[in-house]
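Source file: start-v5.cif; contents: mmCIF, C-alpha atoms.
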data_protein
#
loop_
_atom_site.label_atom_id
_atom_site.label_comp_id
_atom_site.auth_asym_id
_atom_site.auth_seq_id
_atom_site.Cartn_x
_atom_site.Cartn_y
_atom_site.Cartn_z
CA MET A 1 6.95 1.96 -94.28
CA ARG A 2 7.38 -1.33 -92.40
CA ALA A 3 7.10 0.39 -89.02
CA GLU A 4 3.60 1.60 -89.91
CA HIS A 5 2.67 -1.91 -91.05
CA PHE A 6 3.39 -3.19 -87.54
CA LEU A 7 1.16 -0.47 -86.07
CA THR A 8 -1.65 -1.48 -88.42
CA LEU A 9 -1.25 -5.14 -87.51
CA TYR A 10 -1.48 -4.25 -83.83
CA ASP A 11 -4.79 -2.44 -84.45
CA ILE A 12 -6.10 -5.48 -86.31
CA VAL A 13 -5.12 -8.24 -83.89
CA HIS A 14 -5.18 -6.57 -80.47
CA ASN A 15 -8.41 -7.81 -78.91
CA SER A 16 -10.59 -4.92 -77.79
CA ARG A 17 -13.27 -7.24 -76.35
CA GLN A 18 -13.36 -7.50 -72.57
CA ARG A 19 -15.12 -10.87 -72.56
CA ASN A 20 -15.89 -13.85 -74.77
CA GLY A 21 -18.28 -13.44 -77.67
CA ARG A 22 -21.98 -14.00 -76.98
CA SER A 23 -22.93 -17.65 -77.29
CA ASP A 24 -25.92 -16.92 -79.53
CA TRP A 25 -23.77 -14.91 -81.95
CA LEU A 26 -21.11 -17.63 -82.04
CA SER A 27 -23.73 -20.32 -82.63
CA SER A 28 -25.26 -18.32 -85.46
CA PHE A 29 -21.85 -17.85 -87.06
CA LYS A 30 -21.11 -21.59 -86.91
CA ARG A 31 -24.41 -22.37 -88.59
CA PHE A 32 -23.63 -19.82 -91.32
CA MET A 33 -20.19 -21.39 -91.90
CA HIS A 34 -21.55 -24.98 -91.64
CA TRP A 35 -19.11 -25.71 -88.85
CA PRO A 36 -19.81 -28.36 -86.18
CA ARG A 37 -22.27 -27.08 -83.62
CA ARG A 38 -20.17 -28.29 -80.68
CA GLU A 39 -16.92 -26.78 -81.93
CA ASN A 40 -15.46 -24.03 -79.77
CA ILE A 41 -14.62 -20.83 -81.61
CA VAL A 42 -13.14 -17.55 -80.37
CA ARG A 43 -14.06 -14.06 -81.53
CA ILE A 44 -11.41 -11.31 -81.64
CA ASP A 45 -12.40 -7.69 -82.28
CA GLY A 46 -9.69 -5.26 -83.41
CA LYS A 47 -9.48 -1.53 -82.71
CA ASP A 48 -12.90 0.19 -82.76
CA LYS A 49 -14.31 -3.15 -83.99
CA ASN A 50 -13.04 -2.39 -87.49
CA SER A 51 -11.64 -5.90 -87.82
CA LEU A 52 -12.95 -9.30 -86.83
CA LEU A 53 -11.05 -12.57 -86.41
CA ILE A 54 -12.67 -15.94 -85.77
CA LEU A 55 -10.41 -18.67 -84.38
CA ARG A 56 -11.31 -22.34 -84.65
CA GLU A 57 -10.28 -24.63 -81.80
CA THR A 58 -8.03 -26.71 -84.09
CA LEU A 59 -5.63 -23.74 -84.13
CA GLY A 60 -5.01 -24.16 -80.42
CA ILE A 61 -4.93 -20.37 -80.00
CA SER A 62 -6.81 -18.62 -77.21
CA ARG A 63 -7.98 -15.05 -76.58
CA GLU A 64 -4.89 -14.49 -74.44
CA HIS A 65 -2.71 -14.59 -77.55
CA PHE A 66 -4.44 -11.41 -78.72
CA SER A 67 -4.12 -9.52 -75.46
CA HIS A 68 -2.04 -6.36 -75.27
CA GLU A 69 0.74 -8.33 -73.57
CA TYR A 70 1.16 -10.49 -76.69
CA ALA A 71 0.26 -7.97 -79.40
CA SER A 72 2.50 -5.27 -77.92
CA GLU A 73 5.48 -7.02 -79.51
CA LEU A 74 4.21 -5.50 -82.76
CA LEU A 75 4.48 -2.06 -81.20
CA ARG A 76 8.04 -2.73 -80.12
CA SER A 77 8.86 -3.97 -83.61
CA SER A 78 7.50 -0.74 -85.11
CA ILE A 79 9.98 1.33 -83.08
CA VAL A 80 12.87 -0.94 -84.04
CA CYS A 81 11.93 -0.74 -87.73
CA SER A 82 11.63 3.04 -87.66
CA ILE A 83 15.21 3.41 -86.41
CA SER A 84 16.38 0.81 -88.95
CA ALA A 85 14.74 2.85 -91.69
CA LEU A 86 16.50 5.99 -90.44
CA ASP A 87 19.83 4.14 -90.46
CA ARG A 88 19.26 2.88 -94.01
CA TYR A 89 18.20 6.31 -95.24
CA MET A 90 21.36 7.89 -93.85
CA HIS A 91 23.59 5.26 -95.45
CA ASP A 92 21.92 5.71 -98.83
CA VAL A 93 21.97 9.50 -98.79
CA VAL A 94 25.60 9.67 -97.70
CA VAL A 95 26.67 7.35 -100.53
CA ASP A 96 24.52 9.25 -103.01
CA ARG A 97 25.76 12.71 -102.03
CA CYS A 98 29.40 11.93 -101.33
CA TRP A 99 30.16 10.94 -104.93
CA ALA A 100 28.98 14.33 -106.16
CA LEU A 101 31.04 16.00 -103.43
CA LEU A 102 34.15 14.08 -104.47
CA SER A 103 33.72 15.44 -107.99
CA GLN A 104 34.42 18.95 -106.69
CA ALA A 105 37.79 20.59 -106.29
CA GLU A 106 39.79 18.96 -103.49
CA LYS A 107 39.60 22.06 -101.30
CA ASP A 108 35.79 21.88 -101.42
CA VAL A 109 35.53 18.23 -100.32
CA PRO A 110 34.28 18.02 -96.71
CA LYS A 111 37.06 17.30 -94.21
CA GLU A 112 35.30 14.24 -92.73
CA LEU A 113 34.71 12.76 -96.18
CA LYS A 114 38.43 12.98 -96.94
CA LYS A 115 39.05 10.63 -93.99
CA VAL A 116 37.06 7.76 -95.52
CA ARG A 117 39.54 5.05 -96.50
CA LEU A 118 39.11 2.71 -99.46
CA PRO A 119 40.90 -0.62 -100.15
CA VAL A 120 43.97 -0.17 -102.32
CA LEU A 121 42.75 -2.94 -104.66
CA ALA A 122 39.60 -0.95 -105.42
CA THR A 123 41.76 1.97 -106.54
CA LYS A 124 43.92 -0.39 -108.59
CA LYS A 125 40.91 -1.87 -110.41
CA ALA A 126 39.53 1.59 -111.15
CA LEU A 127 42.87 2.70 -112.63
CA GLU A 128 43.19 -0.47 -114.70
CA LYS A 129 39.72 0.03 -116.10
CA LEU A 130 40.56 3.60 -117.03
CA LYS A 131 43.84 2.56 -118.68
CA SER A 132 42.17 -0.12 -120.76
CA ASN A 133 39.47 2.27 -121.93
CA PRO A 134 39.92 6.04 -121.49
CA ASN A 135 36.19 6.50 -122.06
CA SER A 136 35.21 4.09 -119.28
CA ARG A 137 33.57 5.21 -116.06
CA PRO A 138 35.51 3.66 -113.17
CA GLY A 139 33.53 5.79 -110.76
CA THR A 140 31.01 2.96 -110.36
CA LEU A 141 33.71 0.75 -108.84
CA VAL A 142 34.82 3.49 -106.48
CA LYS A 143 31.25 4.30 -105.48
CA LYS A 144 30.62 0.64 -104.57
CA GLU A 145 33.70 0.64 -102.37
CA ILE A 146 32.57 3.86 -100.70
CA GLN A 147 29.24 2.20 -100.01
CA LYS A 148 30.99 -0.79 -98.41
CA ALA A 149 33.21 1.46 -96.30
CA ILE A 150 30.26 3.54 -95.08
CA HIS A 151 28.25 0.45 -94.15
CA ILE A 152 31.17 -1.13 -92.30
CA ASP A 153 32.42 1.93 -90.44
CA PHE A 154 29.26 3.93 -89.74
CA THR A 155 25.98 3.35 -87.93
CA PHE A 156 23.47 6.18 -88.18
CA GLN A 157 21.12 5.95 -85.19
CA LYS A 158 22.24 8.11 -82.27
CA LYS A 159 22.40 11.89 -82.51
CA SER A 160 26.22 11.76 -82.67
CA ASP A 161 25.98 9.29 -85.57
CA ILE A 162 23.57 11.51 -87.48
CA GLU A 163 25.78 14.52 -86.86
CA LYS A 164 28.77 12.56 -88.18
CA GLY A 165 26.80 11.84 -91.36
CA ALA A 166 26.05 15.54 -91.76
CA LYS A 167 29.77 16.31 -91.42
CA LEU A 168 30.59 13.75 -94.11
CA LEU A 169 28.33 15.76 -96.39
CA GLY A 170 29.72 19.09 -95.29
CA VAL A 171 26.44 20.35 -93.76
CA SER A 172 27.12 23.16 -91.29
CA ASP A 173 24.85 24.34 -88.47
CA PHE A 174 23.10 21.01 -88.86
CA TRP A 175 20.82 20.85 -85.80
CA ARG A 176 19.54 24.41 -86.26
CA LYS A 177 18.60 23.56 -89.84
CA MET A 178 16.92 20.34 -88.71
CA ALA A 179 14.88 22.12 -86.03
CA ALA A 180 13.69 24.64 -88.63
CA GLU A 181 12.34 21.78 -90.77
CA MET A 182 10.63 19.85 -87.96
CA PRO A 183 6.91 20.35 -87.28
CA GLY A 184 5.93 22.20 -84.12
CA GLY A 185 8.91 24.55 -84.03
CA PRO A 186 11.18 22.63 -81.61
CA SER A 187 14.58 23.93 -80.55
CA PRO A 188 17.73 22.15 -81.80
CA GLY A 189 18.20 20.73 -78.30
CA GLU A 190 14.64 19.35 -78.20
CA VAL A 191 15.17 17.59 -81.53
CA GLN A 192 18.32 15.94 -80.22
CA GLU A 193 16.66 14.95 -76.94
CA GLU A 194 13.71 13.30 -78.70
CA LEU A 195 15.97 11.38 -81.09
CA THR A 196 18.01 10.20 -78.10
CA ARG A 197 14.86 9.12 -76.26
CA ILE A 198 13.53 7.06 -79.17
CA THR A 199 16.93 5.54 -79.92
CA LYS A 200 17.31 4.57 -76.26
CA ARG A 201 13.87 2.92 -76.38
CA ARG A 202 14.94 1.00 -79.48
CA ASN A 203 18.10 -0.19 -77.72
CA GLN A 204 16.11 -1.33 -74.68
CA ILE A 205 13.95 -3.47 -76.97
CA VAL A 206 16.80 -4.88 -79.08
CA HIS A 207 19.53 -5.34 -76.48
CA GLU A 208 17.53 -5.94 -73.29
CA SER A 209 14.38 -7.67 -74.65
CA ASP A 210 12.65 -4.60 -73.17
CA LEU A 211 12.97 -6.18 -69.73
CA ILE A 212 13.28 -4.06 -66.61
CA LEU A 213 16.66 -4.72 -65.01
CA LYS A 214 16.33 -6.10 -61.49
CA THR A 215 18.74 -7.59 -58.97
CA SER A 216 16.71 -10.78 -58.61
CA ALA A 217 16.49 -13.05 -61.66
CA LYS A 218 13.14 -14.34 -60.34
CA GLU A 219 11.53 -10.96 -60.91
CA ILE A 220 11.23 -10.40 -64.66
CA SER A 221 8.86 -7.89 -66.21
CA GLN A 222 8.71 -5.92 -69.43
CA ARG A 223 8.53 -2.16 -69.77
CA GLU A 224 5.09 -0.86 -70.56
CA ILE A 225 4.33 0.31 -74.09
CA SER A 226 1.11 1.69 -75.51
CA GLY A 227 -0.19 2.08 -79.04
CA SER A 228 0.14 5.86 -78.74
CA ASP A 229 3.76 5.53 -77.52
CA ALA A 230 4.73 3.55 -80.61
CA GLN A 231 2.63 5.69 -82.96
CA ASP A 232 4.24 8.90 -81.68
CA ALA A 233 7.75 7.47 -82.02
CA VAL A 234 7.20 6.19 -85.56
CA MET A 235 5.58 9.42 -86.73
CA TRP A 236 8.36 11.50 -85.17
CA ILE A 237 11.08 9.49 -86.90
CA SER A 238 9.17 9.85 -90.16
CA SER A 239 9.11 13.64 -89.72
CA PHE A 240 12.81 13.56 -88.80
CA VAL A 241 13.70 11.75 -92.04
CA GLU A 242 11.63 14.23 -94.05
CA ALA A 243 13.54 17.05 -92.37
CA LEU A 244 16.84 15.33 -93.18
CA ASP A 245 15.81 15.14 -96.82
CA SER A 246 15.12 18.87 -96.88
CA VAL A 247 18.46 19.66 -95.25
CA PHE A 248 20.53 17.29 -97.41
CA TYR A 249 18.73 18.18 -100.65
CA PRO A 250 17.91 21.90 -100.23
#

Show me, as structure tokens, the structure contained in the file I just sent.
Amino acid sequence: MRAEHFLTLYDIVHNSRQRNGRSDWLSSFKRFMHWPRRENIVRIDGKDKNSLLILRETLGISREHFSHEYASELLRSSIVCSISALDRYMHDVVVDRCWALLSQAEKDVPKELKKVRLPVLATKKALEKLKSNPNSRPGTLVKKEIQKAIHIDFTFQKKSDIEKGAKLLGVSDFWRKMAAEMPGGPSPGEVQEELTRITKRRNQIVHESDLILKTSAKEISQREISGSDAQDAVMWISSFVEALDSVFYP
């Protein structure tokens, strides 16, 4: 999952050292690498000193570029990617399930799914294909058009969006079923509140550059974010998608 990749990168590049590397250690390393004795190098230690980066002065990069202020952009990216993954999952599962639902008797097709509109030319092409070869499978053409329509008309991020997707698939009592699948035994309301909180955080990052809104343009500062904040959000969305899979594919 790309969101988890960003979390891993943060652990690797966020400098956990409080001061510059010891001069004797740096000198020893330069001798080992056969680098010029007078060259300035910078040592960066990742989380729990499980990673080590050595920067040569020709890079023009300082320790400050590995501070939390810089590296925290990776944490923000992880939250954005987790919501993007949720959105993509919902689009894929709706397209996958809706075709099977459309194969049922008309009375059994979910009401919301019946409202999805397809271009008339797509219907025409499907009919022409069927006329030219009664054994053909024009469903592929229709399914592609359904996919286009879903991607154009629906965004699956907010709780209302997710609920709309559930209605397209005819899932009743959706939030109660979701709560039953989530770890920790949350209530349906708590599941919705947490999804709303993470989605709002994503929107602050994407639409506001995660800047705190102030009346004076001279005062610009970003919202705080910690590794645990991002980790919790990414793991929660992962659990949420797993719960969706259980509800949509019981």

Just so the selection is clear, what residues does the PyMOL selection byres ((chain A and resi 108-114) around 7) cover here, as a short mmCIF file (atom, residue, chain, number, x, y, z; two decimals) with C-alpha atoms, in the coordinates of the input?
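Final file, result_17.cif:
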data_model
loop_
_atom_site.label_atom_id
_atom_site.label_comp_id
_atom_site.auth_asym_id
_atom_site.auth_seq_id
_atom_site.Cartn_x
_atom_site.Cartn_y
_atom_site.Cartn_z
CA LEU A 101 31.04 16.00 -103.43
CA LEU A 102 34.15 14.08 -104.47
CA GLN A 104 34.42 18.95 -106.69
CA ALA A 105 37.79 20.59 -106.29
CA GLU A 106 39.79 18.96 -103.49
CA LYS A 107 39.60 22.06 -101.30
CA LYS A 115 39.05 10.63 -93.99
CA VAL A 116 37.06 7.76 -95.52
CA LYS A 167 29.77 16.31 -91.42
CA LEU A 168 30.59 13.75 -94.11
CA LEU A 169 28.33 15.76 -96.39
CA GLY A 170 29.72 19.09 -95.29
#

Compile the contact shell of Glu224 of chain A as a compact mmCIF listing (two decimals) with C-alpha atoms, keeping the file's coordinate frame: residues with an atom at most 12 Å away, counting only C-alpha atoms, same-chain residues fewer than 3 positions apart removed.
# COMPACT_ATOMS: atom_id res chain seq x y z
CA HIS A 68 -2.04 -6.36 -75.27
CA GLU A 69 0.74 -8.33 -73.57
CA SER A 72 2.50 -5.27 -77.92
CA GLU A 73 5.48 -7.02 -79.51
CA LEU A 75 4.48 -2.06 -81.20
CA ARG A 76 8.04 -2.73 -80.12
CA ARG A 201 13.87 2.92 -76.38
CA GLN A 204 16.11 -1.33 -74.68
CA ILE A 205 13.95 -3.47 -76.97
CA ASP A 210 12.65 -4.60 -73.17
CA LEU A 211 12.97 -6.18 -69.73
CA ILE A 212 13.28 -4.06 -66.61
CA SER A 221 8.86 -7.89 -66.21
CA GLY A 227 -0.19 2.08 -79.04
CA SER A 228 0.14 5.86 -78.74
CA ASP A 229 3.76 5.53 -77.52
CA ALA A 230 4.73 3.55 -80.61

Report, as lines of an AutoDock Vina configuration file, the axis-aligned box around all atoms of segment 179-197 of chain A present in the file, extended by 8 Å on each side; give centre and edge lengths in Å to one decimal place.
center_x = 12.1
center_y = 16.9
center_z = -83.5
size_x = 28.4
size_y = 31.5
size_z = 30.5

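All residues that come within 12 Å of the coordinates (-19.3, -20.9, -88.2), counting all atoms listed in the file, are given as Ser23, Asp24, Trp25, Leu26, Ser27, Ser28, Phe29, Lys30, Arg31, Phe32, Met33, His34, Trp35, Pro36, Arg37, Arg38, Glu39, Asn40, Ile41, Val42, Arg43, Leu53, Ile54, Leu55, Arg56 and Glu57 of chain A.
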
Residues matched by the PyMOL selection byres ((chain A and resi 17) around 7), written as a ChimeraX atom specification: /A:15-16,18-19,44-45

Take atom CA of Met182 of chain A and atom CA of Ala243 of chain A and report the distance between them in Å, one decimal. 6.0 Å

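Here atom CA of Asp153 of chain A and atom CA of Glu4 of chain A stand 28.8 Å from one another.
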
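Proximity to Ser67 of chain A was assessed for A:Ser226, A:Ile146, A:Val13, A:Asn203 counting all atoms listed in the file; the smallest distance is recorded for A:Val13.
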
Evaluating the PyMOL selection byres ((chain A and resi 239) around 12) on the displayed file yields which residues, as a PDB file with C-alpha atoms, keeping the file's coordinate frame?
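This went into selection.pdb:
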ATOM      1  CA  SER A  82      11.630   3.040 -87.660  1.00  0.00           C
ATOM      2  CA  LEU A  86      16.500   5.990 -90.440  1.00  0.00           C
ATOM      3  CA  MET A 178      16.920  20.340 -88.710  1.00  0.00           C
ATOM      4  CA  ALA A 179      14.880  22.120 -86.030  1.00  0.00           C
ATOM      5  CA  ALA A 180      13.690  24.640 -88.630  1.00  0.00           C
ATOM      6  CA  GLU A 181      12.340  21.780 -90.770  1.00  0.00           C
ATOM      7  CA  MET A 182      10.630  19.850 -87.960  1.00  0.00           C
ATOM      8  CA  PRO A 183       6.910  20.350 -87.280  1.00  0.00           C
ATOM      9  CA  GLY A 184       5.930  22.200 -84.120  1.00  0.00           C
ATOM     10  CA  VAL A 191      15.170  17.590 -81.530  1.00  0.00           C
ATOM     11  CA  GLU A 194      13.710  13.300 -78.700  1.00  0.00           C
ATOM     12  CA  LEU A 195      15.970  11.380 -81.090  1.00  0.00           C
ATOM     13  CA  ASP A 232       4.240   8.900 -81.680  1.00  0.00           C
ATOM     14  CA  ALA A 233       7.750   7.470 -82.020  1.00  0.00           C
ATOM     15  CA  VAL A 234       7.200   6.190 -85.560  1.00  0.00           C
ATOM     16  CA  MET A 235       5.580   9.420 -86.730  1.00  0.00           C
ATOM     17  CA  TRP A 236       8.360  11.500 -85.170  1.00  0.00           C
ATOM     18  CA  ILE A 237      11.080   9.490 -86.900  1.00  0.00           C
ATOM     19  CA  SER A 238       9.170   9.850 -90.160  1.00  0.00           C
ATOM     20  CA  PHE A 240      12.810  13.560 -88.800  1.00  0.00           C
ATOM     21  CA  VAL A 241      13.700  11.750 -92.040  1.00  0.00           C
ATOM     22  CA  GLU A 242      11.630  14.230 -94.050  1.00  0.00           C
ATOM     23  CA  ALA A 243      13.540  17.050 -92.370  1.00  0.00           C
ATOM     24  CA  LEU A 244      16.840  15.330 -93.180  1.00  0.00           C
ATOM     25  CA  ASP A 245      15.810  15.140 -96.820  1.00  0.00           C
ATOM     26  CA  SER A 246      15.120  18.870 -96.880  1.00  0.00           C
TER      27      SER A 246
END
